[in-house]
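Here's the structure we're looking at; comments come further down.
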Amino acid sequence: MTLLYAVIAVVVLMFGFVVIFGAPYVPSKRREVQRAFESLYPLSSNDLLVDIGSGDGVVLREAAKHGARAVGYEINPLLVLISRIASGRYKGIQVKLADLFRSKFPDETTVVYMFSESRDIKRMFAKIEHEATRLKRPLTVISYGFQYTQYEPKGELGAHFMYIVDPTVTKA
Ligand SMILES: C[S@@+](CC[C@H](N)C(=O)[O-])C[C@H]1O[C@@H](n2cnc3c(N)ncnc32)[C@H](O)[C@@H]1O
């Protein structure tokens with residue numbers, strides 16, 4: 001019984017401590033992600049998608065089904081383990097146990113996916129702006145569930161909003 005309580009405590013802690021760093025775990029709806037990668041931003045093998053806070057990896061797997069490479073940053077070790085196991089049969093997926101705010105996106109990144117909460121949206125866009133400036137080119141951002149009023153959306157589909165973060169353009 002003590003072992004069971006210990007395991008429950010560890011799991012609760014793993015999911016609870018994340019709130020200090022960012023949004024808690026809630027997965028995107030797979031069907032909606034699939035539609036977004038077909039109609040909002042048709043993903044292809046030319047893309048490298050980064051999911052900042054990749055959860056169980058559902059977004060990474062949908063990206064891989066469209067031939068794209070996909071890199072996830074996830075701070076919860078249990079979710080990293082689950083997503084690595086669930087994504088094992090897909091090509092081109094990497095899941096990193098890392099704080100997204102302390103990570104450098106791969107140089108080939110074309111699209112950044114985020115499902116965060118209003119508290120963190122500004123900070124996450126600041127991180128993406130920083131990376132776009134470092135890479136010296138625009139990055140497409142797909143945000144699930146949250147709009148960012150500092151940018152004009154370039155498209156939307158259901159709960160997905162698409163933005164372009166261009167380091168050469170001053171935002172409104
Ligand atoms: C709302 S969930 C979204 C999961 C996934 N992107 C999806 O759409 O299904 C947010 C995820 O971000 C992770 N997270 C929160 N803060 C983070 C941080 N600073 N670095 C990396 N991951 C973080 C959480 O553990 C959680 O799994």
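How things are named: the first chain in the structure tokens is A, the next is B, and so on; residues count from 1 in each chain; ligands count from 1 in the order shown.
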
- Message: Could you list, as a VMD selection string, all protein and nucleic acid residues with an atom at most 10 Å from ligand 1, counting only C-alpha atoms and all ligand atoms?
- Response: chain A and resid 14 to 30 33 50 to 60 72 to 80 96 to 103 113 to 117 120 124 143 to 145

- Please report, as an MDAnalysis selection string, each residue of range 65-150 of chain A to which DSSP assigns helix (DSSP H, G or I) when run on this structure's backbone. chainID A and resid 65 77:86 100:102 118:135

- Message: I want to know what sits within 8 Å of Glu129 in chain A, based on only C-alpha atoms, with residues of the same chain fewer than 6 positions away left out; could you give that as a list in words?
- Response: Val165, Asp166 and Pro167 of chain A

Output the selection as a tab-separated table (two decimals), in the first residue's frame - C-alpha atoms for each residue.
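Below you can see part.tsv, which holds the result:
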```
chain	number	residue	atom	x	y	z
A	165	VAL	CA	6.53	35.40	-36.95
A	166	ASP	CA	8.82	37.34	-39.28
A	167	PRO	CA	11.94	38.83	-37.69
```

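Excluding Lys136 in chain A and any residue on its chain fewer than 4 positions from it, the residues at most 12 Å away by only C-alpha atoms are Asp107, Glu108, Thr109, Thr110, Ile128, Glu129, His130, Glu131, Ala132, Val165, Asp166, Pro167, Thr168 and Val169 of chain A.
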
Would you output that residue set with C-alpha atoms, as a short mmCIF file (atom, residue, chain, number, x, y, z; two decimals), in the first residue's frame?
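Below is the file that was written, result_23.cif:
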```
data_model
loop_
_atom_site.label_atom_id
_atom_site.label_comp_id
_atom_site.auth_asym_id
_atom_site.auth_seq_id
_atom_site.Cartn_x
_atom_site.Cartn_y
_atom_site.Cartn_z
CA ASP A 107 17.94 25.14 -37.74
CA GLU A 108 15.53 23.51 -40.23
CA THR A 109 12.39 24.44 -38.21
CA THR A 110 9.55 25.71 -40.41
CA ILE A 128 9.52 32.09 -31.05
CA GLU A 129 10.48 35.67 -32.02
CA HIS A 130 13.89 35.07 -30.47
CA GLU A 131 14.36 31.85 -32.47
CA ALA A 132 13.13 33.44 -35.74
CA VAL A 165 6.53 35.40 -36.95
CA ASP A 166 8.82 37.34 -39.28
CA PRO A 167 11.94 38.83 -37.69
CA THR A 168 12.13 41.50 -40.40
CA VAL A 169 8.60 42.84 -39.75
#
```

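CA of Leu40 in chain A sits 15.1 Å away from CA of Glu152 in chain A.
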
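Comparing the minimum interatomic distances between Gly92 in chain A and each of A:Pro106, A:Pro138, A:Pro42, A:Gly67, counting only C-alpha atoms, we find that A:Gly67 sits nearest.
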
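A straight line drawn from CA of Phe37 in chain A to CA of Ala63 in chain A is 7.3 Å long.
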
- Message: Residues of range 15-116 of chain A classed as strand (DSSP E) by DSSP on the backbone are to be reported as a PyMOL selection string.
- Response: chain A and resi 48-52+69-74+93-97+111-114

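The gap separating CA of Leu157 in chain A from CA of Gln94 in chain A is 26.7 Å, in Å to one decimal.
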